[in-house]
Amino acid sequence: MTDRLENMALVMPGLLLLGLAFILPVLQMLVLSVSGPDGFTLEHFTRFLSDSYYLGILWRTVRLSALITLITALIGFPLAYIMAKSGPRLRLWLTLIVILPLMTSVVIRTFGWIVLLGRSGMIPSMLRDLGLVGRSFSIIQTESAIVIGMVQVLLPFMTLSVLGVVMSIDGRLEEAARTMGCSFMKTIRTVVLPLSLPGIVAGGLLVFTLSASSFVTPSLLGGSRIQVLAGSIYNAVTQTLEWEFAAAQAVILFVGVALVLVPYLSVTGRRNG
Amino acid sequence: MKLDFAKMFLGVSALSLMASAAVAQEKTLTINSFGGAYEEAHRACIITPFEQETGAKVEIVTAYSADAFAQVRAQKDAPQFDIIHFSGGQEIVAANEGLLAPIDAAKVPNLANVYDFAKANVAKGEGPAYSIAAIGMIYNTEKAPSAPTQWTDIMDPAFAEHLVLTDISNGYGMLGFLMINQVNGGTLENIQPGLDAVTKLLEAGAIIVSKSPEIQQEFAQNDAWLAPYASDYGYTLRKAGLPAGFVQGEEGTPASLITVNMVANRPNEDLALKFIDISVSPEAQQCFADALRYSPTNSKAELSAEVAADVAYGEDGVKGLLRFDPIAIEANRAAWVEAWNKTIAR
């Protein structure tokens, strides 16, 4: 009995915080999303789902988030593997370098990209001088800019998730594979990669959900002509003051992310027991 | 004996405190201003002269128009502001709802020289405009092939890739867009001609920014030549060392009227009227135009040639001013923003 009480006492602060700061507001948002002037209505959802403009925003959000997740995995996995195999000193430095971008404010970091990618920024003017692109070429205010900026922000989440798992893989498994005649790449493919899948999945979930809901970086790098769902929600809340419609969009974002995550989780869950 | 003296001292100081509180109560005027450089100029041009002349103290609350309007409305039964300033036409609604007190023009001598359009409904409670943000065209005086003269010049292919439009989530962006709409045959009932024009401009290479500092960035770094925006911002660019000029389009100049209004049911009516009188005085308006390049509404305001070039000045300059109905803008805002977003979406 006292054990139970102690457990309850330990779990209470977390539950309270979750209940007050997450579940309650989410419930309110759900209520708001179906309320109209005459009580219950689904008009906010039909408005969104029957308009190709908003469906396009949803599709762009999902598509960019998937692309960002893929790229962070492609960069993050080899990086984490090297970090795991290097000595503790070097690993400390590499870890520092990886999380360094998280230590600057997102706005400042994003302005750095604006300077580099803007019409007269370093990269476009270099390409222009080489004669590779036209005079008004710019990377800013394109989807590529969003992807570049988001990958930089989210890479630490992927790398550190994978690092934790790769570190715990028994090094003798790789040695065994090598002595049995596997090449290095084959060892990676058949031994390391499958074993580090839980880390990649965890990192992927983090990166996907964070990029689907992120707002500052896409709005600064994409500009007002390339909307993502979080930006569209922001507009509805602050500019047109359509809070019910904003709530409906938030519910759609939530459901959309959940729909992508469920099969993802169940597939990898089966494979890893 | 000692104790008594201490008691007496306390009593006297308490009394004097109460007395000074009572005096302060009588002679304090609570107003709103818009913060930043605007509030600085507001203080220098109007508030400090007012305090010196009347000996009253002015309490400033920083609140933008929409916010200030919400506060005045919420305080209807126990108003806390004496004077309220609006820049988005909120005074029309506020006067309708009885939140503002009618102004007796006889008690505000300077009103006599204020242009008619700027004081049309003071008797209904809509306070006079004491300065005007004029929307025209900011252009690059060094690089633009020629200075624009009319709004249709925006469609000139010579500017195509160097044109900066402002998102209509921004108040000045909205007025600029409505003007583009009007010169292309649209009205407040039908903004499609404006949207079609914007589509064409974007296809030709124009870019859209959402905040005013981005205009400066475009002029400084990205070879922008032309941007429909407010006169005061052209001056901001010039102060930043950029070759920026400002012109009013021949078809008209959308104006954002900044009004000074008296809140109803407040005790300090005479003091408030005095504040309004100073706000519309030629001296205050010259000062405002010098500092920020807002256009004066008092016909007696004397501007130097340099300042006059940047604002809507004199009978001729003021003649072209036009005001898009703020109530229609508010009523349509949500629908327009959505239509605009769909138009500019890639």
# chains A, B, ... in the order shown; residues from 1 in each chain; ligands from 1

call {"tool": "interface_residues", "arguments": {"of": "chain B", "to": "chain A", "cutoff": "7 Å", "atoms": "only C-alpha atoms", "output": "list in words"}}
result
Ser169, Ser210, Gln221, Asn222, Arg333, Ala334, Lys342, Ile344, Ala345 and Arg346 of chain B

call {"tool": "residues_around", "arguments": {"residues": "Ile31 in chain B", "least_positions_apart": "3", "cutoff": "10 Å", "atoms": "only C-alpha atoms", "output": "number ranges by chain"}}
result
B: 28, 47, 58-63, 68, 80-85, 260-263, 272

call {"tool": "residues_around", "arguments": {"residues": "Gly320 in chain B", "least_positions_apart": "6", "cutoff": "8 Å", "atoms": "only C-alpha atoms", "output": "count of residues only"}}
result
4

call {"tool": "residues_around", "arguments": {"residues": "Gly171 in chain B", "least_positions_apart": "4", "cutoff": "9 Å", "atoms": "only C-alpha atoms", "output": "list of chain:residue names"}}
result
B:Gly88, B:Asp167, B:Leu175, B:Gly176, B:Ser256

call {"tool": "closest_residue", "arguments": {"among": "B:Met174, B:Gly194, B:Arg43, B:Ile258", "to": "Glu330 in chain B", "atoms": "only C-alpha atoms"}}
result
B:Met174

call {"tool": "residues_around", "arguments": {"residues": "Ser65 in chain B", "least_positions_apart": "5", "cutoff": "9 Å", "atoms": "only C-alpha atoms", "output": "JSON, numbers by chain"}}
result
{"B": [32, 33, 34, 70, 84, 85, 86, 87, 88, 89, 90]}

call {"tool": "select_by_dssp", "arguments": {"residues": "range 6-250 of chain B", "states": "strand (DSSP E)", "output": "ChimeraX atom specification"}}
result
/B:28-33,57-62,83-86,129-140,164-166,207-209,226-230,244-247

call {"tool": "write_last_selection", "arguments": {"atoms": "N, CA and C atoms", "output": "short mmCIF file (atom, residue, chain, number, x, y, z; two decimals), in the first residue's frame"}}
result
data_model
loop_
_atom_site.label_atom_id
_atom_site.label_comp_id
_atom_site.auth_asym_id
_atom_site.auth_seq_id
_atom_site.Cartn_x
_atom_site.Cartn_y
_atom_site.Cartn_z
N THR B 28 -3.94 64.28 -14.11
CA THR B 28 -3.28 63.24 -14.90
C THR B 28 -4.17 62.86 -16.07
N LEU B 29 -3.55 62.74 -17.23
CA LEU B 29 -4.28 62.36 -18.42
C LEU B 29 -3.72 61.02 -18.89
N THR B 30 -4.58 60.01 -19.03
CA THR B 30 -4.10 58.70 -19.46
C THR B 30 -4.36 58.53 -20.95
N ILE B 31 -3.31 58.21 -21.69
CA ILE B 31 -3.45 58.08 -23.15
C ILE B 31 -2.75 56.81 -23.60
N ASN B 32 -2.97 56.44 -24.86
CA ASN B 32 -2.17 55.34 -25.43
C ASN B 32 -1.26 55.92 -26.51
N SER B 33 -0.13 55.25 -26.72
CA SER B 33 0.70 55.58 -27.87
C SER B 33 1.20 54.27 -28.46
N LYS B 57 0.08 65.88 -15.83
CA LYS B 57 1.00 64.78 -16.12
C LYS B 57 0.30 63.81 -17.07
N VAL B 58 1.07 63.29 -18.03
CA VAL B 58 0.47 62.35 -18.98
C VAL B 58 0.99 60.95 -18.71
N GLU B 59 0.05 60.04 -18.57
CA GLU B 59 0.37 58.63 -18.34
C GLU B 59 0.24 57.92 -19.68
N ILE B 60 1.34 57.31 -20.17
CA ILE B 60 1.27 56.67 -21.50
C ILE B 60 1.19 55.16 -21.36
N VAL B 61 0.20 54.58 -22.01
CA VAL B 61 0.10 53.13 -22.08
C VAL B 61 0.39 52.75 -23.54
N THR B 62 1.35 51.87 -23.75
CA THR B 62 1.66 51.48 -25.13
C THR B 62 0.65 50.44 -25.59
N ILE B 83 -7.63 59.84 -23.43
CA ILE B 83 -7.42 60.06 -24.85
C ILE B 83 -7.00 58.75 -25.47
N ILE B 84 -7.57 58.44 -26.62
CA ILE B 84 -7.17 57.19 -27.25
C ILE B 84 -6.83 57.47 -28.72
N HIS B 85 -5.72 56.91 -29.18
CA HIS B 85 -5.28 57.12 -30.56
C HIS B 85 -5.52 55.85 -31.37
N PHE B 86 -6.07 56.02 -32.57
CA PHE B 86 -6.31 54.89 -33.46
C PHE B 86 -5.66 55.15 -34.81
N ALA B 129 -8.12 63.57 -37.30
CA ALA B 129 -6.82 62.98 -37.65
C ALA B 129 -5.75 64.03 -37.40
N TYR B 130 -4.70 63.66 -36.68
CA TYR B 130 -3.63 64.63 -36.43
C TYR B 130 -2.40 64.31 -37.25
N SER B 131 -2.36 63.11 -37.82
CA SER B 131 -1.32 62.86 -38.82
C SER B 131 -1.78 61.73 -39.72
N ILE B 132 -1.12 61.65 -40.86
CA ILE B 132 -1.55 60.72 -41.89
C ILE B 132 -0.35 59.94 -42.38
N ALA B 133 -0.52 58.63 -42.42
CA ALA B 133 0.49 57.83 -43.11
C ALA B 133 0.02 57.69 -44.55
N ALA B 134 0.77 58.27 -45.49
CA ALA B 134 0.36 58.26 -46.89
C ALA B 134 1.03 57.09 -47.60
N ILE B 135 0.21 56.32 -48.33
CA ILE B 135 0.76 55.17 -49.05
C ILE B 135 1.04 55.58 -50.48
N GLY B 136 2.28 55.48 -50.87
CA GLY B 136 2.67 55.79 -52.24
C GLY B 136 3.70 54.78 -52.70
N MET B 137 4.65 55.25 -53.50
CA MET B 137 5.65 54.33 -54.02
C MET B 137 7.04 54.75 -53.56
N ILE B 138 7.74 53.82 -52.90
CA ILE B 138 9.13 54.05 -52.54
C ILE B 138 9.97 53.47 -53.67
N TYR B 139 10.89 54.29 -54.20
CA TYR B 139 11.68 53.76 -55.32
C TYR B 139 13.15 54.06 -55.12
N ASN B 140 13.97 53.31 -55.80
CA ASN B 140 15.42 53.44 -55.73
C ASN B 140 15.85 54.56 -56.67
N VAL B 164 8.89 45.01 -55.01
CA VAL B 164 8.64 44.38 -53.72
C VAL B 164 7.22 44.70 -53.29
N LEU B 165 6.39 43.66 -53.13
CA LEU B 165 5.03 43.86 -52.63
C LEU B 165 5.00 43.45 -51.16
N THR B 166 4.03 44.00 -50.42
CA THR B 166 3.93 43.64 -49.01
C THR B 166 2.66 42.85 -48.78
N ILE B 207 8.64 40.05 -55.75
CA ILE B 207 8.68 39.24 -54.54
C ILE B 207 7.75 39.85 -53.49
N ILE B 208 7.37 39.03 -52.52
CA ILE B 208 6.46 39.48 -51.47
C ILE B 208 7.15 39.36 -50.12
N VAL B 209 7.09 40.43 -49.35
CA VAL B 209 7.63 40.38 -47.99
C VAL B 209 6.46 40.54 -47.03
N LEU B 226 11.46 49.20 -56.45
CA LEU B 226 10.15 49.82 -56.28
C LEU B 226 9.32 49.03 -55.26
N ALA B 227 8.71 49.75 -54.34
CA ALA B 227 7.85 49.10 -53.35
C ALA B 227 6.72 50.04 -52.97
N PRO B 228 5.45 49.63 -53.17
CA PRO B 228 4.35 50.45 -52.67
C PRO B 228 4.34 50.36 -51.15
N TYR B 229 4.47 51.50 -50.49
CA TYR B 229 4.48 51.48 -49.02
C TYR B 229 4.29 52.90 -48.49
N ALA B 230 4.42 53.05 -47.17
CA ALA B 230 4.11 54.34 -46.55
C ALA B 230 5.29 55.30 -46.62
N ALA B 244 16.57 56.16 -51.42
CA ALA B 244 15.14 55.91 -51.56
C ALA B 244 14.37 57.22 -51.70
N GLY B 245 13.48 57.27 -52.68
CA GLY B 245 12.59 58.41 -52.85
C GLY B 245 11.16 57.97 -52.65
N PHE B 246 10.28 58.95 -52.42
CA PHE B 246 8.87 58.62 -52.24
C PHE B 246 8.02 59.45 -53.19
N VAL B 247 7.11 58.82 -53.92
CA VAL B 247 6.18 59.58 -54.75
C VAL B 247 4.75 59.14 -54.48
#

call {"tool": "residues_around", "arguments": {"residues": "Phe157 in chain A", "least_positions_apart": "4", "cutoff": "7 Å", "atoms": "only C-alpha atoms", "output": "short mmCIF file (atom, residue, chain, number, x, y, z; two decimals) with C-alpha atoms, in the first residue's frame"}}
result
data_model
loop_
_atom_site.label_atom_id
_atom_site.label_comp_id
_atom_site.auth_asym_id
_atom_site.auth_seq_id
_atom_site.Cartn_x
_atom_site.Cartn_y
_atom_site.Cartn_z
CA SER A 161 19.16 8.93 -30.95
CA GLY A 203 15.16 9.71 -34.20
CA LEU A 206 11.32 13.00 -33.36
CA VAL A 207 12.48 14.63 -36.58
#

call {"tool": "decode", "arguments": {"residues": "range 30-131 of chain A", "atoms": "C-alpha atoms", "output": "compact mmCIF listing (two decimals), in the first residue's frame"}}
result
# COMPACT_ATOMS: atom_id res chain seq x y z
CA LEU A 30 -10.94 19.52 -30.16
CA VAL A 31 -14.09 21.20 -28.84
CA LEU A 32 -13.20 24.47 -30.55
CA SER A 33 -12.59 22.73 -33.88
CA VAL A 34 -16.19 21.51 -34.05
CA SER A 35 -17.94 24.55 -32.65
CA GLY A 36 -19.74 27.07 -34.81
CA PRO A 37 -22.22 29.86 -34.16
CA ASP A 38 -25.05 27.31 -33.83
CA GLY A 39 -23.26 24.66 -31.78
CA PHE A 40 -21.73 21.52 -33.24
CA THR A 41 -20.50 21.74 -36.82
CA LEU A 42 -18.03 20.08 -39.14
CA GLU A 43 -17.84 23.05 -41.49
CA HIS A 44 -14.23 23.90 -40.53
CA PHE A 45 -13.13 20.42 -41.52
CA THR A 46 -15.09 20.39 -44.75
CA ARG A 47 -13.69 23.83 -45.59
CA PHE A 48 -10.17 22.47 -45.23
CA LEU A 49 -10.69 19.08 -46.84
CA SER A 50 -12.67 20.31 -49.83
CA ASP A 51 -10.20 23.03 -50.80
CA SER A 52 -7.24 22.05 -52.92
CA TYR A 53 -5.28 24.99 -51.54
CA TYR A 54 -5.37 23.66 -47.97
CA LEU A 55 -4.90 20.05 -49.10
CA GLY A 56 -1.80 21.25 -50.95
CA ILE A 57 -0.48 22.78 -47.73
CA LEU A 58 -1.09 19.52 -45.87
CA TRP A 59 0.61 17.50 -48.59
CA ARG A 60 3.61 19.86 -48.65
CA THR A 61 3.95 19.60 -44.86
CA VAL A 62 3.94 15.79 -44.93
CA ARG A 63 6.19 15.60 -48.00
CA LEU A 64 8.81 18.02 -46.65
CA SER A 65 8.79 16.37 -43.23
CA ALA A 66 9.39 12.97 -44.82
CA LEU A 67 12.21 14.36 -46.95
CA ILE A 68 13.81 16.06 -43.95
CA THR A 69 13.58 12.83 -41.96
CA LEU A 70 15.20 10.86 -44.79
CA ILE A 71 18.08 13.31 -45.19
CA THR A 72 18.78 13.53 -41.45
CA ALA A 73 18.85 9.71 -41.35
CA LEU A 74 21.26 9.55 -44.31
CA ILE A 75 23.60 12.05 -42.67
CA GLY A 76 22.96 11.08 -39.05
CA PHE A 77 23.52 7.33 -39.22
CA PRO A 78 27.10 7.35 -40.63
CA LEU A 79 27.95 10.25 -38.33
CA ALA A 80 26.66 8.41 -35.27
CA TYR A 81 28.50 5.24 -36.34
CA ILE A 82 31.83 7.07 -36.61
CA MET A 83 31.17 8.79 -33.29
CA ALA A 84 30.48 5.46 -31.61
CA LYS A 85 33.69 3.95 -32.99
CA SER A 86 35.95 6.89 -32.10
CA GLY A 87 37.72 7.41 -28.78
CA PRO A 88 35.97 9.16 -25.88
CA ARG A 89 37.82 12.46 -26.42
CA LEU A 90 37.01 12.72 -30.09
CA ARG A 91 33.45 11.61 -29.38
CA LEU A 92 33.02 14.42 -26.89
CA TRP A 93 34.17 16.95 -29.49
CA LEU A 94 31.97 15.48 -32.19
CA THR A 95 28.97 15.51 -29.85
CA LEU A 96 29.65 19.14 -29.05
CA ILE A 97 29.83 20.00 -32.73
CA VAL A 98 26.58 18.16 -33.43
CA ILE A 99 24.61 19.90 -30.68
CA LEU A 100 26.22 23.30 -31.20
CA PRO A 101 23.47 24.48 -33.61
CA LEU A 102 20.93 23.89 -30.83
CA MET A 103 22.74 26.39 -28.66
CA THR A 104 21.99 29.39 -30.86
CA SER A 105 18.52 30.87 -31.14
CA VAL A 106 16.48 29.53 -34.02
CA VAL A 107 15.94 33.02 -35.37
CA ILE A 108 19.65 33.85 -35.51
CA ARG A 109 20.48 30.52 -37.08
CA THR A 110 17.80 31.04 -39.67
CA PHE A 111 19.03 34.53 -40.49
CA GLY A 112 22.41 33.00 -41.14
CA TRP A 113 20.81 30.88 -43.83
CA ILE A 114 19.04 33.93 -45.23
CA VAL A 115 22.41 35.64 -45.64
CA LEU A 116 23.91 32.60 -47.34
CA LEU A 117 20.95 31.64 -49.53
CA GLY A 118 19.34 35.02 -50.38
CA ARG A 119 19.35 36.53 -53.83
CA SER A 120 22.64 38.33 -53.27
CA GLY A 121 23.83 35.79 -50.70
CA MET A 122 27.10 33.93 -50.98
CA ILE A 123 25.87 30.74 -52.59
CA PRO A 124 23.54 32.14 -55.27
CA SER A 125 26.04 34.83 -56.28
CA MET A 126 28.78 32.22 -56.53
CA LEU A 127 26.60 30.06 -58.77
CA ARG A 128 25.72 33.17 -60.77
CA ASP A 129 29.40 34.08 -61.24
CA LEU A 130 30.05 30.58 -62.48
CA GLY A 131 27.32 31.14 -65.05
